[in-house]
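Asks: File name protein38.pdb; file contents PDB, C-alpha atoms; full text below.
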ATOM      1  CA  SER A   1     -11.348  -2.507  -5.020  1.00  0.00           C
ATOM      2  CA  SER A   2      -7.871  -1.398  -6.013  1.00  0.00           C
ATOM      3  CA  GLY A   3      -7.198   1.939  -4.450  1.00  0.00           C
ATOM      4  CA  ILE A   4      -5.092   4.699  -3.007  1.00  0.00           C
ATOM      5  CA  ASN A   5      -5.269   5.662   0.638  1.00  0.00           C
ATOM      6  CA  ALA A   6      -4.750   9.329   1.423  1.00  0.00           C
ATOM      7  CA  GLU A   7      -4.278   9.563   5.176  1.00  0.00           C
ATOM      8  CA  TYR A   8      -4.670  12.446   7.600  1.00  0.00           C
ATOM      9  CA  GLY A   9      -2.266  12.730  10.512  1.00  0.00           C
ATOM     10  CA  GLY A  10      -4.804  12.991  13.327  1.00  0.00           C
ATOM     11  CA  TRP A  11      -6.646   9.799  12.363  1.00  0.00           C
ATOM     12  CA  HIS A  12      -3.542   7.815  11.544  1.00  0.00           C
ATOM     13  CA  SER A  13      -1.932   8.603  14.887  1.00  0.00           C
ATOM     14  CA  GLY A  14      -4.949   7.408  16.817  1.00  0.00           C
ATOM     15  CA  ALA A  15      -6.338  10.831  17.681  1.00  0.00           C
ATOM     16  CA  SER A  16     -10.035  11.667  17.798  1.00  0.00           C
ATOM     17  CA  ARG A  17     -12.189  10.172  15.064  1.00  0.00           C
ATOM     18  CA  ASN A  18     -13.740  13.627  14.690  1.00  0.00           C
ATOM     19  CA  LEU A  19     -10.670  14.695  12.761  1.00  0.00           C
ATOM     20  CA  SER A  20     -10.500  14.282   8.997  1.00  0.00           C
ATOM     21  CA  PRO A  21     -10.816  10.567   8.182  1.00  0.00           C
ATOM     22  CA  PRO A  22      -8.753   8.514   5.746  1.00  0.00           C
ATOM     23  CA  ARG A  23      -9.852   8.795   2.150  1.00  0.00           C
ATOM     24  CA  LEU A  24      -9.866   6.195  -0.587  1.00  0.00           C
ATOM     25  CA  SER A  25      -9.896   6.475  -4.354  1.00  0.00           C
ATOM     26  CA  ALA A  26     -10.699   3.209  -6.099  1.00  0.00           C
ATOM     27  CA  ALA A  27     -12.544   1.440  -8.898  1.00  0.00           C
ATOM     28  CA  SER A  28     -15.895  -0.201  -8.308  1.00  0.00           C
ATOM     29  CA  GLY A  29     -18.615  -1.830 -10.382  1.00  0.00           C
ATOM     30  CA  LYS A  30     -22.331  -1.061 -10.341  1.00  0.00           C
ATOM     31  CA  ILE A  31     -23.617  -4.395  -9.016  1.00  0.00           C
ATOM     32  CA  ARG A  32     -24.515  -5.240  -5.421  1.00  0.00           C
ATOM     33  CA  PHE A  33     -20.916  -5.833  -4.299  1.00  0.00           C
ATOM     34  CA  GLY A  34     -20.087  -2.250  -5.251  1.00  0.00           C
ATOM     35  CA  LYS A  35     -22.977  -1.026  -3.132  1.00  0.00           C
ATOM     36  CA  LYS A  36     -21.853  -3.248  -0.261  1.00  0.00           C
ATOM     37  CA  LEU A  37     -18.320  -1.869  -0.509  1.00  0.00           C
ATOM     38  CA  GLN A  38     -19.563   1.692  -0.321  1.00  0.00           C
ATOM     39  CA  GLU A  39     -21.807   0.867   2.644  1.00  0.00           C
ATOM     40  CA  CYS A  40     -18.866  -0.662   4.553  1.00  0.00           C
ATOM     41  CA  MET A  41     -16.632   2.352   3.899  1.00  0.00           C
ATOM     42  CA  SER A  42     -19.372   4.732   4.981  1.00  0.00           C
ATOM     43  CA  LYS A  43     -19.963   2.757   8.177  1.00  0.00           C
ATOM     44  CA  GLU A  44     -16.275   3.065   9.074  1.00  0.00           C
ATOM     45  CA  GLY A  45     -16.237   6.802   8.378  1.00  0.00           C
ATOM     46  CA  ILE A  46     -13.925   6.517   5.362  1.00  0.00           C
ATOM     47  CA  LYS A  47     -14.608   9.048   2.650  1.00  0.00           C
ATOM     48  CA  THR A  48     -14.438   7.533  -0.829  1.00  0.00           C
ATOM     49  CA  ASN A  49     -14.525   8.640  -4.428  1.00  0.00           C
ATOM     50  CA  TYR A  50     -14.932   5.593  -6.650  1.00  0.00           C
ATOM     51  CA  LEU A  51     -14.476   5.293 -10.367  1.00  0.00           C
ATOM     52  CA  ILE A  52     -17.710   3.491 -11.202  1.00  0.00           C
ATOM     53  CA  ASP A  53     -17.066   1.178 -14.148  1.00  0.00           C
ATOM     54  CA  PRO A  54     -20.246   0.811 -16.238  1.00  0.00           C
ATOM     55  CA  VAL A  55     -19.141  -2.555 -17.635  1.00  0.00           C
ATOM     56  CA  GLN A  56     -16.943  -4.347 -15.118  1.00  0.00           C
ATOM     57  CA  PRO A  57     -18.426  -5.684 -11.854  1.00  0.00           C
ATOM     58  CA  THR A  58     -16.820  -4.932  -8.501  1.00  0.00           C
ATOM     59  CA  GLY A  59     -13.922  -7.244  -7.702  1.00  0.00           C
ATOM     60  CA  VAL A  60     -14.427  -9.943  -5.094  1.00  0.00           C
ATOM     61  CA  CYS A  61     -12.208 -12.202  -3.016  1.00  0.00           C
ATOM     62  CA  ALA A  62     -13.082 -15.641  -1.648  1.00  0.00           C
ATOM     63  CA  VAL A  63     -11.352 -16.592   1.599  1.00  0.00           C
ATOM     64  CA  LEU A  64     -10.926 -20.165   2.826  1.00  0.00           C
ATOM     65  CA  ILE A  65      -9.607 -20.552   6.370  1.00  0.00           C
ATOM     66  CA  THR A  66      -8.578 -24.022   7.522  1.00  0.00           C
ATOM     67  CA  GLY A  67      -7.101 -24.069  10.990  1.00  0.00           C
ATOM     68  CA  GLY A  68      -4.198 -21.645  10.877  1.00  0.00           C
ATOM     69  CA  ASN A  69      -4.001 -21.609   7.080  1.00  0.00           C
ATOM     70  CA  ARG A  70      -5.635 -19.143   4.717  1.00  0.00           C
ATOM     71  CA  SER A  71      -6.249 -19.352   0.979  1.00  0.00           C
ATOM     72  CA  LEU A  72      -7.441 -16.451  -1.169  1.00  0.00           C
ATOM     73  CA  VAL A  73      -8.950 -16.472  -4.644  1.00  0.00           C
ATOM     74  CA  THR A  74      -9.495 -13.053  -6.175  1.00  0.00           C
ATOM     75  CA  ARG A  75     -11.428 -11.834  -9.195  1.00  0.00           C
ATOM     76  CA  LEU A  76     -10.248  -8.271  -9.842  1.00  0.00           C
ATOM     77  CA  ASP A  77     -12.804  -7.095 -12.418  1.00  0.00           C
ATOM     78  CA  ALA A  78     -13.340  -3.309 -11.958  1.00  0.00           C
ATOM     79  CA  ALA A  79     -10.315  -3.042  -9.660  1.00  0.00           C
ATOM     80  CA  ASN A  80      -8.148  -3.932 -12.668  1.00  0.00           C
ATOM     81  CA  HIS A  81      -9.485  -1.028 -14.729  1.00  0.00           C
ATOM     82  CA  TYR A  82      -8.677   2.057 -12.689  1.00  0.00           C
ATOM     83  CA  LYS A  83      -7.831   5.085 -14.866  1.00  0.00           C
ATOM     84  CA  GLN A  84      -5.507   7.964 -14.078  1.00  0.00           C
ATOM     85  CA  ASP A  85      -8.071  10.326 -15.603  1.00  0.00           C
ATOM     86  CA  HIS A  86     -10.191   9.657 -12.524  1.00  0.00           C
ATOM     87  CA  LEU A  87      -7.312  10.417 -10.176  1.00  0.00           C
ATOM     88  CA  VAL A  88      -6.595  13.834 -11.711  1.00  0.00           C
ATOM     89  CA  SER A  89     -10.265  14.846 -11.904  1.00  0.00           C
ATOM     90  CA  THR A  90     -11.052  17.855  -9.715  1.00  0.00           C
ATOM     91  CA  PRO A  91     -13.052  16.035  -6.986  1.00  0.00           C
ATOM     92  CA  VAL A  92     -10.425  13.314  -6.529  1.00  0.00           C
ATOM     93  CA  TRP A  93      -7.302  15.425  -6.869  1.00  0.00           C
ATOM     94  CA  SER A  94      -8.668  17.874  -4.318  1.00  0.00           C
ATOM     95  CA  MET A  95      -8.742  14.939  -1.869  1.00  0.00           C
ATOM     96  CA  VAL A  96      -5.175  14.051  -2.806  1.00  0.00           C
ATOM     97  CA  SER A  97      -3.971  17.623  -2.399  1.00  0.00           C
ATOM     98  CA  ALA A  98      -5.596  17.965   1.015  1.00  0.00           C
ATOM     99  CA  ALA A  99      -3.923  14.835   2.401  1.00  0.00           C
ATOM    100  CA  SER A 100      -0.583  14.716   4.206  1.00  0.00           C
ATOM    101  CA  PHE A 101       0.226  10.999   4.012  1.00  0.00           C
ATOM    102  CA  TYR A 102      -0.162   8.542   1.130  1.00  0.00           C
ATOM    103  CA  TYR A 103      -0.164   4.768   1.413  1.00  0.00           C
ATOM    104  CA  ILE A 104      -0.532   2.572  -1.673  1.00  0.00           C
ATOM    105  CA  ALA A 105      -0.380  -1.217  -1.700  1.00  0.00           C
ATOM    106  CA  GLY A 106       2.027  -2.765  -4.180  1.00  0.00           C
ATOM    107  CA  TYR A 107      -0.881  -4.528  -5.867  1.00  0.00           C
ATOM    108  CA  PHE A 108      -1.736  -1.216  -7.532  1.00  0.00           C
ATOM    109  CA  LEU A 109       1.474  -1.607  -9.578  1.00  0.00           C
ATOM    110  CA  THR A 110      -0.444  -4.084 -11.725  1.00  0.00           C
ATOM    111  CA  VAL A 111      -3.185  -1.557 -12.477  1.00  0.00           C
ATOM    112  CA  SER A 112      -2.010   2.050 -12.667  1.00  0.00           C
ATOM    113  CA  PRO A 113       1.635   2.697 -11.738  1.00  0.00           C
ATOM    114  CA  ASP A 114       1.330   6.069 -13.483  1.00  0.00           C
ATOM    115  CA  SER A 115      -1.197   7.081 -10.828  1.00  0.00           C
ATOM    116  CA  MET A 116       1.270   6.083  -8.124  1.00  0.00           C
ATOM    117  CA  VAL A 117       4.016   8.149  -9.747  1.00  0.00           C
ATOM    118  CA  LYS A 118       1.645  11.118 -10.070  1.00  0.00           C
ATOM    119  CA  ILE A 119       0.947  11.058  -6.341  1.00  0.00           C
ATOM    120  CA  GLY A 120       4.621  10.427  -5.604  1.00  0.00           C
ATOM    121  CA  GLU A 121       5.601  13.530  -7.553  1.00  0.00           C
ATOM    122  CA  HIS A 122       3.064  15.583  -5.613  1.00  0.00           C
ATOM    123  CA  ALA A 123       4.400  14.180  -2.327  1.00  0.00           C
ATOM    124  CA  VAL A 124       7.960  15.169  -3.264  1.00  0.00           C
ATOM    125  CA  GLN A 125       6.973  18.670  -4.395  1.00  0.00           C
ATOM    126  CA  GLU A 126       4.986  19.330  -1.229  1.00  0.00           C
ATOM    127  CA  ASP A 127       7.318  17.404   1.116  1.00  0.00           C
ATOM    128  CA  LYS A 128       4.570  14.962   2.134  1.00  0.00           C
ATOM    129  CA  CYS A 129       4.978  11.347   3.190  1.00  0.00           C
ATOM    130  CA  PHE A 130       4.599   8.570   0.596  1.00  0.00           C
ATOM    131  CA  ALA A 131       4.513   4.894   1.584  1.00  0.00           C
ATOM    132  CA  MET A 132       4.204   1.610  -0.298  1.00  0.00           C
ATOM    133  CA  ASN A 133       3.828  -2.021   0.706  1.00  0.00           C
ATOM    134  CA  LEU A 134       5.615  -4.633  -1.417  1.00  0.00           C
ATOM    135  CA  SER A 135       2.447  -6.709  -0.878  1.00  0.00           C
ATOM    136  CA  ALA A 136       3.404 -10.012  -2.582  1.00  0.00           C
ATOM    137  CA  PRO A 137       6.523 -11.846  -3.836  1.00  0.00           C
ATOM    138  CA  PHE A 138       5.264 -12.034  -7.436  1.00  0.00           C
ATOM    139  CA  LEU A 139       5.182  -8.242  -7.788  1.00  0.00           C
ATOM    140  CA  SER A 140       8.947  -7.748  -7.689  1.00  0.00           C
ATOM    141  CA  GLN A 141       9.313 -10.622 -10.152  1.00  0.00           C
ATOM    142  CA  PHE A 142       6.682  -9.768 -12.744  1.00  0.00           C
ATOM    143  CA  PHE A 143       6.215  -6.035 -12.149  1.00  0.00           C
ATOM    144  CA  LYS A 144       9.809  -5.061 -11.474  1.00  0.00           C
ATOM    145  CA  ASP A 145       9.831  -2.124 -13.906  1.00  0.00           C
ATOM    146  CA  PRO A 146       6.815  -0.281 -12.442  1.00  0.00           C
ATOM    147  CA  MET A 147       8.077  -1.059  -8.924  1.00  0.00           C
ATOM    148  CA  SER A 148      11.416   0.498  -9.896  1.00  0.00           C
ATOM    149  CA  GLN A 149       9.566   3.603 -11.095  1.00  0.00           C
ATOM    150  CA  VAL A 150       7.645   4.052  -7.841  1.00  0.00           C
ATOM    151  CA  LEU A 151      10.344   3.168  -5.277  1.00  0.00           C
ATOM    152  CA  PRO A 152      12.247   6.479  -5.605  1.00  0.00           C
ATOM    153  CA  TYR A 153       9.192   8.290  -4.247  1.00  0.00           C
ATOM    154  CA  CYS A 154       8.861   6.050  -1.182  1.00  0.00           C
ATOM    155  CA  ASP A 155       9.596   7.500   2.248  1.00  0.00           C
ATOM    156  CA  TYR A 156       8.392   4.241   3.820  1.00  0.00           C
ATOM    157  CA  VAL A 157       8.545   0.715   2.453  1.00  0.00           C
ATOM    158  CA  PHE A 158       6.611  -2.052   4.217  1.00  0.00           C
ATOM    159  CA  SER A 159       7.000  -5.773   3.616  1.00  0.00           C
ATOM    160  CA  ASN A 160       7.013  -9.174   5.246  1.00  0.00           C
ATOM    161  CA  ASP A 161      10.163 -11.279   5.240  1.00  0.00           C
ATOM    162  CA  ASP A 162       9.111 -13.479   2.285  1.00  0.00           C
ATOM    163  CA  GLU A 163       8.398 -10.446   0.135  1.00  0.00           C
ATOM    164  CA  ALA A 164      11.698  -8.884   1.209  1.00  0.00           C
ATOM    165  CA  ARG A 165      13.704 -11.947   0.164  1.00  0.00           C
ATOM    166  CA  ALA A 166      11.849 -12.129  -3.155  1.00  0.00           C
ATOM    167  CA  PHE A 167      12.661  -8.462  -3.720  1.00  0.00           C
ATOM    168  CA  SER A 168      16.313  -9.114  -2.924  1.00  0.00           C
ATOM    169  CA  LYS A 169      16.429 -11.936  -5.470  1.00  0.00           C
ATOM    170  CA  ASP A 170      14.640 -10.001  -8.218  1.00  0.00           C
ATOM    171  CA  PHE A 171      16.648  -6.801  -7.677  1.00  0.00           C
ATOM    172  CA  ASN A 172      19.959  -8.685  -7.333  1.00  0.00           C
ATOM    173  CA  LEU A 173      20.758  -7.469  -3.827  1.00  0.00           C
ATOM    174  CA  GLY A 174      22.812 -10.619  -3.194  1.00  0.00           C
ATOM    175  CA  THR A 175      21.531 -11.541   0.269  1.00  0.00           C
ATOM    176  CA  GLU A 176      18.678 -13.257   2.126  1.00  0.00           C
ATOM    177  CA  ASP A 177      19.481 -11.490   5.406  1.00  0.00           C
ATOM    178  CA  VAL A 178      16.438  -9.287   6.021  1.00  0.00           C
ATOM    179  CA  LYS A 179      18.453  -6.764   8.002  1.00  0.00           C
ATOM    180  CA  VAL A 180      20.839  -6.279   5.088  1.00  0.00           C
ATOM    181  CA  ILE A 181      17.936  -6.180   2.631  1.00  0.00           C
ATOM    182  CA  ALA A 182      16.298  -3.420   4.684  1.00  0.00           C
ATOM    183  CA  GLN A 183      19.522  -1.420   4.626  1.00  0.00           C
ATOM    184  CA  LYS A 184      19.944  -1.875   0.874  1.00  0.00           C
ATOM    185  CA  ILE A 185      16.359  -0.828   0.105  1.00  0.00           C
ATOM    186  CA  ALA A 186      16.779   2.229   2.326  1.00  0.00           C
ATOM    187  CA  SER A 187      19.885   3.225   0.353  1.00  0.00           C
ATOM    188  CA  MET A 188      18.263   2.935  -3.093  1.00  0.00           C
ATOM    189  CA  PRO A 189      17.724   6.202  -5.041  1.00  0.00           C
ATOM    190  CA  LYS A 190      15.178   8.544  -3.473  1.00  0.00           C
ATOM    191  CA  LYS A 191      13.517  11.668  -4.902  1.00  0.00           C
ATOM    192  CA  ASN A 192      12.908  13.519  -1.638  1.00  0.00           C
ATOM    193  CA  SER A 193      16.280  14.131  -0.009  1.00  0.00           C
ATOM    194  CA  LYS A 194      14.751  15.955   2.972  1.00  0.00           C
ATOM    195  CA  ARG A 195      14.229  12.680   4.845  1.00  0.00           C
ATOM    196  CA  SER A 196      15.776   9.250   4.708  1.00  0.00           C
ATOM    197  CA  ARG A 197      13.769   6.190   3.728  1.00  0.00           C
ATOM    198  CA  THR A 198      12.420   3.985   6.512  1.00  0.00           C
ATOM    199  CA  VAL A 199      12.080   0.267   5.773  1.00  0.00           C
ATOM    200  CA  ILE A 200       9.859  -1.945   7.937  1.00  0.00           C
ATOM    201  CA  PHE A 201       9.760  -5.747   7.681  1.00  0.00           C
ATOM    202  CA  THR A 202       7.408  -7.996   9.621  1.00  0.00           C
ATOM    203  CA  GLN A 203       8.297 -11.634  10.288  1.00  0.00           C
ATOM    204  CA  GLY A 204       5.072 -13.209  11.449  1.00  0.00           C
ATOM    205  CA  ALA A 205       5.448 -13.779  15.189  1.00  0.00           C
ATOM    206  CA  GLY A 206       9.138 -12.846  14.915  1.00  0.00           C
ATOM    207  CA  ASN A 207      10.674  -9.460  15.589  1.00  0.00           C
ATOM    208  CA  VAL A 208       9.772  -6.498  13.379  1.00  0.00           C
ATOM    209  CA  ILE A 209      12.832  -5.133  11.582  1.00  0.00           C
ATOM    210  CA  VAL A 210      13.066  -1.346  11.165  1.00  0.00           C
ATOM    211  CA  PHE A 211      15.883   0.426   9.321  1.00  0.00           C
ATOM    212  CA  LYS A 212      15.895   4.197   9.718  1.00  0.00           C
ATOM    213  CA  ASP A 213      18.564   6.900   9.531  1.00  0.00           C
ATOM    214  CA  GLY A 214      21.352   4.352   9.191  1.00  0.00           C
ATOM    215  CA  ASN A 215      20.298   2.306  12.207  1.00  0.00           C
ATOM    216  CA  ILE A 216      18.659  -1.094  12.435  1.00  0.00           C
ATOM    217  CA  LYS A 217      16.251  -1.855  15.258  1.00  0.00           C
ATOM    218  CA  GLU A 218      14.179  -4.875  16.214  1.00  0.00           C
ATOM    219  CA  TYR A 219      10.816  -4.692  17.929  1.00  0.00           C
ATOM    220  CA  HIS A 220       9.491  -7.677  19.813  1.00  0.00           C
ATOM    221  CA  VAL A 221       6.017  -8.832  18.798  1.00  0.00           C
ATOM    222  CA  ILE A 222       3.707  -9.430  21.735  1.00  0.00           C
ATOM    223  CA  PRO A 223       2.559 -13.056  21.462  1.00  0.00           C
ATOM    224  CA  ILE A 224      -1.145 -13.746  20.959  1.00  0.00           C
ATOM    225  CA  ALA A 225      -2.769 -17.097  21.659  1.00  0.00           C
ATOM    226  CA  SER A 226      -3.850 -18.748  18.418  1.00  0.00           C
ATOM    227  CA  GLU A 227      -7.422 -19.056  19.647  1.00  0.00           C
ATOM    228  CA  ASP A 228      -7.563 -15.266  20.088  1.00  0.00           C
ATOM    229  CA  ILE A 229      -6.538 -14.526  16.492  1.00  0.00           C
ATOM    230  CA  VAL A 230      -9.448 -13.699  14.189  1.00  0.00           C
ATOM    231  CA  ASP A 231      -8.425 -14.130  10.545  1.00  0.00           C
ATOM    232  CA  THR A 232     -10.287 -12.457   7.685  1.00  0.00           C
TER     233      THR A 232
END
How would this structure read if it were set down as structure tokens?

Replies:
Amino acid sequence: SSGINAEYGGWHSGASRNLSPPRLSAASGKIRFGKKLQECMSKEGIKTNYLIDPVQPTGVCAVLITGGNRSLVTRLDAANHYKQDHLVSTPVWSMVSAASFYYIAGYFLTVSPDSMVKIGEHAVQEDKCFAMNLSAPFLSQFFKDPMSQVLPYCDYVFSNDDEARAFSKDFNLGTEDVKVIAQKIASMPKKNSKRSRTVIFTQGAGNVIVFKDGNIKEYHVIPIASEDIVDT
């Protein structure tokens, strides 16, 4: 599915699972994969409100893992047909309004950037937290305009180092230094002036780069033996 996560502070911070769970709005088809998706979300205690597409099947992703390498092949189907009309419907928007934190993957830029902007505007008006992941290098290249529309609403921007360097190239930041890229993204125009933008870059097993309030910090990643890593 292609969706929007509306998070509640208690769950996100690791507090009791009896608190309000994360919620997801997404597009799904009517065939068995859609049913499987809903069953998995229910099992994990995630409340959902899917746009059920009567024509398109639920999107699927094939994963091939060979040693330490992973290949993905995705068929988007219903996930590529999300409509903003669903987002602003009373049942879904009530979920949005009740949430305090919003996290949307950059992949949604290819589907409904207007929905992202709609939630971003709500986050600014209500002084709530809005976060986006750059998600993939091709997004800043081929979906630069919608990314430019959504970035001003972002209180948090997440990315890995490859995506950060691709962003720097596509937005003409003039550097491949991830620390400088983080600083430059943090200083880009922002709608909510009540808090500065935090930029977080992962680097695989390397240090995590965090730029916040004018300061750059690095956080060491605790090493994990390769045999203990379970890829999905």

Asks: Work out how far apart CA of Glu218 in chain A and CA of Ala136 in chain A are and give it in Å to one decimal.

Replies: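 Pair CA of Glu218 in chain A / CA of Ala136 in chain A returns 22.3 Å.
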
Asks: Nearest residue to Lys190 in chain A out of A:Asn207, A:Asn172, A:Asn215, A:Gln149, using only C-alpha atoms?

Replies: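 Of all the options, A:Gln149 lies closest to Lys190 in chain A.
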
Asks: So what does the PyMOL selection byres ((chain A and resi 221) around 12) actually pick up in this one, as JSON, numbers by chain?

Replies: {"A": [202, 203, 204, 205, 206, 207, 208, 209, 218, 219, 220, 222, 223, 224]}

Asks: Using all atoms listed in the file, which residues of range 53-149 of chain A come within 8 Å of range 30-41 of chain A, and what is the closest atom pair for each, with the distance in Å to one decimal? Give it as a tab-separated table, sorted by chain and residue number.

Replies:
residue	atom	partner	partner_atom	distance
A:Asp53	CA	A:Lys30	CA	6.9
A:Pro54	CA	A:Lys30	CA	6.5
A:Gln56	CA	A:Lys30	CA	7.9
A:Pro57	CA	A:Ile31	CA	6.1
A:Thr58	CA	A:Gly34	CA	5.3
A:Gly59	CA	A:Phe33	CA	7.9
A:Val60	CA	A:Phe33	CA	7.7

Asks: How far is it from CA of Glu176 in chain A to CA of Asp145 in chain A, in Å with one decimal?

Replies: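 Pair CA of Glu176 in chain A / CA of Asp145 in chain A returns 21.4 Å.
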
Asks: Could you state the separation of CA of Ala182 in chain A and CA of Val210 in chain A in Å, given to one decimal place?

Replies: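 Taking CA of Ala182 in chain A as the start and CA of Val210 in chain A as the end point, the length is 7.5 Å.
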
Asks: Counting all atoms listed in the file, which of A:Lys184, A:His81, A:Lys118, A:Arg70 gets nearest to Val150 in chain A?

Replies: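 Comparing A:Lys184, A:His81, A:Lys118, A:Arg70 against Val150 in chain A, the winner is A:Lys118.
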
Asks: Please enumerate the residues selected by the PyMOL selection byres ((chain A and resi 131) around 10) when evaluated against the supplied file, formatted as a CSV table (one decimal) with C-alpha atoms, in the frame of the given file.

Replies:
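The resulting file, result15.csv, is reproduced below:
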chain,number,residue,atom,x,y,z
A,5,ASN,CA,-5.3,5.7,0.6
A,101,PHE,CA,0.2,11.0,4.0
A,102,TYR,CA,-0.2,8.5,1.1
A,103,TYR,CA,-0.2,4.8,1.4
A,104,ILE,CA,-0.5,2.6,-1.7
A,105,ALA,CA,-0.4,-1.2,-1.7
A,106,GLY,CA,2.0,-2.8,-4.2
A,120,GLY,CA,4.6,10.4,-5.6
A,129,CYS,CA,5.0,11.3,3.2
A,130,PHE,CA,4.6,8.6,0.6
A,132,MET,CA,4.2,1.6,-0.3
A,133,ASN,CA,3.8,-2.0,0.7
A,150,VAL,CA,7.6,4.1,-7.8
A,151,LEU,CA,10.3,3.2,-5.3
A,153,TYR,CA,9.2,8.3,-4.2
A,154,CYS,CA,8.9,6.0,-1.2
A,155,ASP,CA,9.6,7.5,2.2
A,156,TYR,CA,8.4,4.2,3.8
A,157,VAL,CA,8.5,0.7,2.5
A,158,PHE,CA,6.6,-2.1,4.2
A,197,ARG,CA,13.8,6.2,3.7
A,198,THR,CA,12.4,4.0,6.5
A,199,VAL,CA,12.1,0.3,5.8
